[in-house]
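model23.txt (compact mmCIF, C-alpha atoms) appears below.
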# COMPACT_ATOMS: atom_id res chain seq x y z
CA MET U 1 5.96 1.05 -17.60
CA HIS U 2 6.15 1.49 -13.84
CA GLY U 3 4.65 4.94 -13.86
CA ASP U 4 1.85 3.90 -16.20
CA SER U 5 0.95 0.91 -14.03
CA GLU U 6 0.86 3.03 -10.91
CA THR U 7 -1.42 5.65 -12.49
CA GLY U 8 -3.68 3.03 -14.02
CA GLU U 9 -4.06 1.12 -10.76
CA GLU U 10 -4.92 4.28 -8.80
CA LYS U 11 -7.49 5.32 -11.41
CA ARG U 12 -9.11 1.90 -11.28
CA GLY U 13 -9.18 2.08 -7.47
CA ALA U 14 -11.00 5.43 -7.65
CA GLU U 15 -13.51 4.00 -10.11
CA ARG U 16 -14.34 1.12 -7.77
CA THR U 17 -15.14 3.45 -4.87
CA THR U 18 -17.65 5.45 -6.94
CA GLY U 19 -19.73 2.31 -7.32
CA ASP U 20 -19.26 2.11 -11.08
CA GLU U 21 -19.53 -1.64 -11.56
CA ARG U 22 -17.87 -2.74 -14.79
CA SER U 23 -19.86 -5.34 -16.66
CA GLY U 24 -18.19 -8.64 -17.37
CA MET U 25 -16.50 -9.15 -20.70
CA ILE U 26 -14.48 -11.64 -22.70
CA ASN U 27 -11.69 -10.48 -25.00
CA TYR U 28 -9.67 -12.56 -27.46
CA TYR U 29 -6.12 -11.59 -28.41
CA ARG U 30 -3.48 -13.16 -30.60
CA THR U 31 -0.01 -12.08 -31.64
CA ASP U 32 0.95 -12.37 -35.30
CA GLU U 33 4.50 -11.44 -36.33
CA GLY U 34 5.08 -9.79 -32.97
CA VAL U 35 1.96 -7.59 -33.10
CA ILE U 36 -1.03 -8.24 -30.83
CA GLN U 37 -4.47 -8.12 -32.40
CA LYS U 38 -7.92 -8.26 -30.88
CA LEU U 39 -10.11 -11.01 -32.31
CA LYS U 40 -13.88 -11.20 -32.51
CA ASP U 41 -13.86 -14.84 -31.44
CA TYR U 42 -11.43 -17.51 -30.32
CA ASP U 43 -8.88 -18.78 -32.80
CA GLU U 44 -5.94 -21.14 -32.45
CA GLY U 45 -3.05 -19.65 -30.47
CA ALA U 46 -5.23 -16.95 -28.92
CA TRP U 47 -5.30 -15.54 -25.39
CA VAL U 48 -8.72 -15.43 -23.76
CA GLN U 49 -9.06 -12.60 -21.22
CA LEU U 50 -12.02 -12.67 -18.84
CA THR U 51 -12.57 -9.47 -16.87
CA ASN U 52 -15.19 -9.68 -14.13
CA PRO U 53 -17.13 -12.31 -16.10
CA SER U 54 -20.75 -13.12 -15.38
CA PRO U 55 -21.77 -16.64 -14.28
CA GLU U 56 -23.10 -17.27 -17.78
CA GLU U 57 -19.78 -16.27 -19.37
CA CYS U 58 -17.89 -18.55 -16.98
CA VAL U 59 -20.12 -21.46 -17.92
CA GLU U 60 -19.65 -20.66 -21.61
CA ILE U 61 -15.84 -20.70 -21.33
CA ALA U 62 -15.85 -23.81 -19.14
CA ASP U 63 -18.01 -25.73 -21.62
CA ARG U 64 -16.09 -24.48 -24.63
CA PHE U 65 -12.68 -25.53 -23.33
CA GLN U 66 -13.84 -28.50 -21.24
CA MET U 67 -12.90 -27.11 -17.84
CA ASP U 68 -14.51 -27.16 -14.43
CA VAL U 69 -16.55 -23.99 -14.02
CA ALA U 70 -15.39 -23.78 -10.39
CA ASP U 71 -11.80 -23.41 -11.64
CA VAL U 72 -12.86 -20.72 -14.10
CA ARG U 73 -14.58 -18.81 -11.29
CA ALA U 74 -11.83 -19.39 -8.70
CA ALA U 75 -10.18 -16.00 -9.27
CA LEU U 76 -13.49 -14.20 -8.67
CA ASP U 77 -13.37 -15.14 -4.99
CA ASP U 78 -11.26 -12.63 -3.04
CA GLU U 79 -10.66 -15.25 -0.34
CA GLU U 80 -8.98 -17.71 -2.71
CA SER U 81 -5.32 -18.30 -1.89
CA SER U 82 -2.48 -18.69 -4.37
CA ARG U 83 -2.12 -22.25 -5.60
CA ILE U 84 -1.44 -24.43 -8.61
CA SER U 85 -3.71 -27.31 -9.54
CA LEU U 86 -3.08 -29.95 -12.20
CA GLU U 87 -6.41 -31.01 -13.63
CA GLU U 88 -7.27 -33.41 -16.43
CA GLY U 89 -6.40 -31.64 -19.66
CA TYR U 90 -5.48 -28.25 -18.16
CA THR U 91 -3.61 -26.51 -15.35
CA LEU U 92 -4.93 -23.85 -12.99
CA ILE U 93 -2.45 -21.29 -11.67
CA LEU U 94 -3.85 -18.88 -9.10
CA VAL U 95 -1.71 -15.97 -7.87
CA ASP U 96 -2.30 -12.66 -6.10
CA ILE U 97 -1.58 -9.45 -7.99
CA PRO U 98 -1.50 -5.87 -6.65
CA THR U 99 -4.23 -3.32 -7.29
CA ALA U 100 -5.15 0.17 -6.09
CA GLU U 101 -8.26 1.24 -4.21
CA ILE U 102 -9.63 4.04 -2.03
CA ARG U 103 -9.80 2.90 1.60
CA ASN U 104 -10.67 5.20 4.53
CA ASN U 105 -10.58 8.15 2.08
CA ARG U 106 -6.94 7.36 1.28
CA ASN U 107 -5.19 5.89 -1.76
CA SER U 108 -4.39 2.35 -0.73
CA TYR U 109 -3.28 -0.92 -2.26
CA GLN U 110 -4.38 -4.49 -1.83
CA THR U 111 -4.08 -7.77 -3.71
CA ILE U 112 -6.65 -9.65 -5.77
CA PRO U 113 -6.55 -13.14 -7.30
CA LEU U 114 -5.55 -13.69 -10.91
CA GLY U 115 -6.46 -17.03 -12.43
CA ILE U 116 -4.45 -18.49 -15.31
CA LEU U 117 -5.93 -21.54 -17.00
CA LEU U 118 -3.39 -23.24 -19.24
CA ARG U 119 -4.13 -25.80 -21.95
CA GLU U 120 -2.05 -27.00 -24.85
CA ASP U 121 -4.01 -24.78 -27.23
CA VAL U 122 -5.06 -21.78 -25.13
CA VAL U 123 -4.20 -19.48 -22.21
CA ILE U 124 -7.16 -18.09 -20.27
CA THR U 125 -6.81 -15.33 -17.67
CA VAL U 126 -9.57 -14.48 -15.19
CA CYS U 127 -9.62 -11.40 -12.97
CA THR U 128 -12.28 -9.27 -11.30
CA GLU U 129 -10.99 -6.04 -12.86
CA GLU U 130 -8.71 -4.63 -15.49
CA THR U 131 -5.18 -4.59 -14.17
CA ALA U 132 -1.83 -3.14 -15.19
CA VAL U 133 -0.35 -6.64 -14.99
CA LEU U 134 -2.31 -7.70 -18.11
CA GLN U 135 -2.77 -4.29 -19.71
CA THR U 136 0.97 -4.25 -20.43
CA PHE U 137 0.46 -7.07 -22.94
CA VAL U 138 -2.58 -5.45 -24.54
CA ASP U 139 -0.61 -2.22 -24.99
CA GLN U 140 2.26 -4.15 -26.60
CA SER U 141 4.66 -2.92 -23.88
CA MET U 142 6.16 -6.36 -23.23
CA LYS U 143 9.05 -7.32 -25.51
CA GLU U 144 9.24 -10.74 -27.20
CA PHE U 145 5.65 -11.47 -26.27
CA SER U 146 3.65 -14.13 -28.07
CA THR U 147 0.31 -15.66 -27.14
CA LYS U 148 1.37 -18.82 -28.98
CA LYS U 149 4.30 -19.46 -26.63
CA ARG U 150 1.95 -20.29 -23.81
CA MET U 151 4.35 -21.25 -21.01
CA ARG U 152 6.55 -18.25 -21.66
CA PHE U 153 3.44 -16.06 -21.73
CA VAL U 154 2.46 -17.35 -18.28
CA TYR U 155 5.93 -16.61 -16.91
CA GLN U 156 5.83 -13.14 -18.44
CA ILE U 157 2.54 -12.50 -16.64
CA LEU U 158 4.09 -13.59 -13.33
CA TYR U 159 7.21 -11.53 -14.05
CA ASN U 160 5.15 -8.43 -14.81
CA SER U 161 3.16 -8.96 -11.62
CA ASN U 162 6.36 -8.74 -9.59
CA ILE U 163 7.40 -5.61 -11.50
CA VAL U 164 4.08 -3.95 -10.60
CA TYR U 165 4.55 -5.03 -6.97
CA GLN U 166 7.95 -3.35 -6.89
CA SER U 167 6.59 -0.21 -8.55
CA LEU U 168 3.83 0.14 -5.96
CA LEU U 169 6.31 -0.61 -3.16
CA ARG U 170 8.41 2.34 -4.33
CA THR U 171 5.25 4.47 -4.40
CA ILE U 172 4.52 3.48 -0.80
CA ASP U 173 8.06 4.40 0.20
CA ARG U 174 7.73 7.81 -1.50
CA LYS U 175 4.57 8.48 0.50
CA ARG U 176 6.44 7.53 3.68
CA LYS U 177 9.22 9.96 2.80
CA GLU U 178 6.67 12.73 2.31
CA ILE U 179 5.35 12.12 5.81
CA GLU U 180 8.88 11.96 7.19
CA GLU U 181 9.74 15.32 5.62
CA ARG U 182 6.78 16.90 7.43
CA ILE U 183 7.93 15.75 10.87
CA ASN U 184 9.84 18.99 11.51
CA GLY U 185 6.83 20.98 10.38
CA SER U 186 3.14 20.45 10.91
CA THR U 187 2.40 16.85 11.79
CA GLY U 188 -0.62 15.37 13.47
CA ASP U 189 -2.72 12.30 14.03
CA SER U 190 -3.55 12.10 10.31
CA ASP U 191 0.10 11.28 9.56
CA LEU U 192 -0.03 8.40 12.02
CA PHE U 193 -3.16 7.09 10.28
CA ASP U 194 -1.42 7.43 6.90
CA LEU U 195 1.57 5.44 8.14
CA HIS U 196 -0.74 2.77 9.54
CA GLU U 197 -2.47 2.55 6.16
CA LEU U 198 0.87 2.17 4.37
CA GLU U 199 1.92 -0.54 6.80
CA SER U 200 -1.37 -2.37 6.19
CA ASN U 201 -0.67 -2.28 2.46
CA LEU U 202 2.73 -3.86 3.06
CA VAL U 203 1.13 -6.60 5.17
CA TYR U 204 -1.17 -7.49 2.24
CA PHE U 205 1.78 -7.46 -0.15
CA ALA U 206 4.00 -9.59 2.11
CA THR U 207 1.30 -12.23 2.58
CA SER U 208 0.53 -12.45 -1.13
CA LEU U 209 4.17 -12.47 -2.24
CA ARG U 210 5.00 -15.34 0.09
CA ALA U 211 2.02 -17.32 -1.21
CA ASN U 212 3.09 -16.59 -4.79
CA SER U 213 6.61 -17.81 -4.04
CA MET U 214 5.18 -21.23 -3.13
CA VAL U 215 3.44 -21.38 -6.52
CA LEU U 216 6.70 -20.48 -8.28
CA ASP U 217 8.54 -23.15 -6.36
CA ARG U 218 6.03 -25.77 -7.51
CA LEU U 219 6.32 -24.62 -11.10
CA THR U 220 10.01 -25.54 -11.04
CA ARG U 221 9.16 -29.11 -9.99
CA TYR U 222 6.21 -29.97 -12.25
CA GLY U 223 7.42 -32.00 -15.26
CA ARG U 224 3.97 -32.06 -16.82
CA LEU U 225 4.35 -28.42 -17.90
CA GLN U 226 6.42 -28.47 -21.08
CA GLN U 227 9.18 -25.89 -20.86
CA PHE U 228 12.02 -24.83 -23.11
CA PRO U 229 15.44 -23.83 -21.73
CA GLU U 230 14.70 -20.13 -22.28
CA ASP U 231 11.40 -20.59 -20.41
CA ARG U 232 13.27 -21.99 -17.41
CA ASP U 233 15.61 -19.00 -17.50
CA LEU U 234 12.60 -16.70 -17.45
CA LEU U 235 11.13 -18.64 -14.52
CA GLU U 236 14.38 -18.11 -12.63
CA ASP U 237 14.06 -14.38 -13.32
CA VAL U 238 10.50 -14.46 -11.99
CA ILE U 239 11.67 -16.18 -8.79
CA ILE U 240 14.45 -13.61 -8.35
CA GLU U 241 12.05 -10.69 -8.83
CA ASN U 242 9.60 -12.26 -6.38
CA ARG U 243 12.32 -12.61 -3.75
CA GLN U 244 13.40 -9.04 -4.33
CA ALA U 245 9.80 -7.84 -3.86
CA ILE U 246 9.57 -9.82 -0.60
CA GLU U 247 12.82 -8.27 0.63
CA MET U 248 11.66 -4.78 -0.35
CA THR U 249 8.39 -5.33 1.52
CA GLY U 250 10.23 -6.39 4.67
CA ILE U 251 12.66 -3.46 4.49
CA TYR U 252 9.91 -0.90 3.90
CA ARG U 253 7.85 -2.34 6.78
CA ASP U 254 10.80 -1.92 9.13
CA ILE U 255 11.40 1.64 7.90
CA ILE U 256 7.72 2.58 8.25
CA ASN U 257 7.68 1.10 11.75
CA GLY U 258 10.68 3.27 12.66
CA THR U 259 9.09 6.35 11.07
CA ARG U 260 5.87 5.78 13.00
CA GLU U 261 7.76 5.46 16.28
CA LEU U 262 9.72 8.63 15.47
CA LEU U 263 6.53 10.51 14.63
CA SER U 264 4.84 9.32 17.84
CA THR U 265 7.88 10.42 19.87
CA VAL U 266 7.94 13.85 18.20
CA ILE U 267 4.23 14.38 18.84
CA ASN U 268 4.64 13.34 22.50
CA ASN U 269 7.65 15.62 22.92
CA ARG U 270 5.72 18.54 21.48
CA LEU U 271 2.86 17.85 23.85
CA ASN U 272 5.31 17.69 26.76
CA ASP U 273 6.82 21.02 25.69
CA VAL U 274 3.39 22.64 25.60
CA MET U 275 2.50 21.25 29.03
CA LYS U 276 5.83 22.44 30.40
CA ILE U 277 5.27 25.98 29.10
CA LEU U 278 1.71 26.07 30.43
CA THR U 279 2.93 24.89 33.85
CA SER U 280 5.64 27.57 33.91
CA VAL U 281 3.19 30.31 32.91
CA THR U 282 0.76 29.13 35.58
CA LEU U 283 3.53 29.29 38.20
CA ILE U 284 4.51 32.84 37.17
CA LEU U 285 0.89 34.03 37.22
CA ALA U 286 0.37 32.47 40.65
CA ILE U 287 2.58 35.17 42.31
CA PRO U 288 0.38 38.21 41.52
CA THR U 289 -2.69 36.08 42.16
CA ILE U 290 -1.50 35.26 45.71
CA VAL U 291 -0.49 38.86 46.48
CA SER U 292 -3.77 40.30 45.20
CA GLY U 293 -5.67 37.64 47.14
CA VAL U 294 -3.90 38.48 50.39
CA TYR U 295 -4.45 42.21 49.99
CA GLY U 296 -8.01 41.65 48.99
CA MET U 297 -8.93 40.06 52.35
CA ASN U 298 -11.49 41.92 54.43
CA VAL U 299 -9.24 42.72 57.45
CA ASP U 300 -8.19 45.88 59.26
CA ASP U 301 -5.75 47.77 57.06
CA GLN U 302 -3.51 48.60 60.04
CA TRP U 303 -2.22 45.05 59.90
CA MET U 304 -1.50 45.09 56.16
CA PRO U 305 2.10 45.95 55.18
CA LEU U 306 2.54 49.17 53.24
CA ALA U 307 -1.12 49.98 53.69
CA HIS U 308 -0.40 53.56 54.91
CA VAL U 309 2.90 54.13 53.09
CA PRO U 310 2.86 56.70 50.27
CA HIS U 311 2.85 54.96 46.88
CA GLY U 312 2.31 51.62 48.70
CA PHE U 313 0.25 50.22 45.83
CA GLY U 314 3.01 50.89 43.34
CA ILE U 315 5.61 49.37 45.65
CA ILE U 316 3.55 46.20 46.02
CA ILE U 317 3.09 45.99 42.24
CA LEU U 318 6.85 46.48 41.73
CA ILE U 319 7.75 43.79 44.27
CA THR U 320 5.28 41.37 42.64
CA LEU U 321 6.71 42.12 39.20
CA VAL U 322 10.30 41.56 40.40
CA ILE U 323 9.40 38.21 41.99
CA SER U 324 7.57 37.12 38.79
CA VAL U 325 10.54 38.13 36.59
CA LEU U 326 12.95 36.31 38.92
CA ILE U 327 10.88 33.12 38.76
CA ALA U 328 10.64 33.43 34.96
CA TRP U 329 14.45 33.80 34.76
CA LEU U 330 14.99 30.71 36.94
CA LEU U 331 12.56 28.68 34.81
CA HIS U 332 14.34 29.85 31.66
CA ARG U 333 17.69 28.71 33.06
CA LYS U 334 16.16 25.31 33.77
CA LYS U 335 14.93 25.27 30.14
CA MET U 336 11.36 25.07 31.27
CA LEU U 337 10.30 28.30 29.59
Write the structure described by the file as structure tokens, please.
Amino acid sequence: MHGDSETGEEKRGAERTTGDERSGMINYYRTDEGVIQKLKDYDEGAWVQLTNPSPEECVEIADRFQMDVADVRAALDDEESSRISLEEGYTLILVDIPTAEIRNNRNSYQTIPLGILLREDVVITVCTEETAVLQTFVDQSMKEFSTKKRMRFVYQILYNSNIVYQSLLRTIDRKRKEIEERINGSTGDSDLFDLHELESNLVYFATSLRANSMVLDRLTRYGRLQQFPEDRDLLEDVIIENRQAIEMTGIYRDIINGTRELLSTVINNRLNDVMKILTSVTLILAIPTIVSGVYGMNVDDQWMPLAHVPHGFGIIILITLVISVLIAWLLHRKKML
């Protein structure tokens, strides 16, 4: 399930960047004898799934189930924060779920709102795009899933959201390891940008997970939501998985921060090594440059050493070469060359 969710999220992220806007749609699902079926219209015990609905579709659902249209459209606003709201006749649960996208020509992850509208006779989910969090239920990958057990269904959605978070967190850590493995080889500024992008993803995850934890905490205290003992056990599992995702996010942020500092240090050290070698080479080449400059002055040759000695040119070249080799040997001993 983890691998499927990761691939699906990345594919959906690529689709969004190509500008292929998916039209809004309403789907109706219901489980009968443990098998989920797609319905043509709403029936008792069904799950209503709104994916990027149009304003008209939001009004239709709001009127049909006697809800405030603003609550139906709440999840369509990317700036909406996670919250739970008890309204007359229904409950709005708004959480952030992870999704993939292409940002700065890189595979990245962010969070988007998922709205869950809960009534005694229906569960309505609203999201701006198809997501692995809900697709798991459509594909019948979730065990003991029933649209008629509404509170348990809600907790299973929240549980699956945390599982997808953890899956993408492991993907982020694998990408960090790939960059870390290249440190001894060819690394450059692009690796620093990649690490910064990964750290930005973790910032989004950390913020959303903390906000979701507040919603989960309130769910444990609201007596209006009818829950069975097994539902409360599932809620405890959701809280545990949420805490684990928060801890994983914090750990991976610290590791990425350390990897980025290591990469920056390695790049600086390599630059220092190059500058040191160039300085040493410049110093070695300065010797023949000085000698040739002195002997190239326009003065009387009677004052120039070795000017009238047989093989004087060769002697001067030999002396220059010996001095250059001696300087190179000293620099090598000092580990500067």
Test item: residues at most 12 Å from U:Gly89, all atoms listed in the file, excluding those fewer than 6 positions along its chain, as a PyMOL selection string | chain U and resi 65-68+117-122+224-225
Contacts of U:Glu44 at 12 Å (only C-alpha atoms; same-chain gap of 5+ positions) as number ranges by chain | U: 28-32, 39, 119-123, 147-150
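Atom to atom, atom CA of U:Asp233 and atom CA of U:Leu92 stand 21.6 Å apart.
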Atom pair atom CA of U:Val95 / atom CA of U:Asn212: separation (Å) | 5.7 Å
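Shortest atom-to-atom contact with U:Ala245 among U:Met214, U:Phe193, U:Glu181, U:Asn162: U:Asn162, counting all atoms listed in the file.
The coordinates place atom CA of U:Val164 at 17.9 Å from atom CA of U:Val215.
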Considering only C-alpha atoms, return as a ChimeraX atom specification whatever protein or nucleic-acid residues lie within 12 Å of U:Lys335, sequence-local ones (same chain, fewer than 2 positions apart) excluded.
-> /U:273,276-277,280,328-333,337
Considering only C-alpha atoms, return as a PyMOL selection string whatever protein or nucleic-acid residues lie within 12 Å of U:Asn184, sequence-local ones (same chain, fewer than 5 positions apart) excluded.
-> chain U and resi 178-179+262-263+266-267+270
Go through U:Asn107, U:Thr99, U:Ser213, U:Thr282 and flag the residue nearest U:Val133, using only C-alpha atoms for the distances.
-> U:Thr99
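The shell of residues at most 9 Å from U:Ile157, with all atoms listed in the file counted and near chain neighbours (fewer than 3 positions) removed, consists of Val133, Leu134, Phe137, Arg152, Phe153, Val154, Asn160, Ser161 and Asn162 of chain U.
Each of U:Leu114, U:Met336, U:Val238, U:Ile124 was compared to U:Ile163 using all atoms listed in the file, and U:Val238 turns out to be the nearest.
Each of U:Arg221, U:Lys143, U:His308, U:Arg176 was checked against U:Asp254 using only C-alpha atoms; the smallest atom-to-atom distance is that of U:Arg176.
Closest approach to U:Asp237 from the set U:Tyr159, U:Thr51, U:Leu321, U:Met142 is made by U:Tyr159, with distances taken over all atoms listed in the file.
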For U:Asp78, the nearest of the candidates U:Glu261, U:Glu247, U:Glu197, U:Glu129, counting all atoms listed in the file = U:Glu129
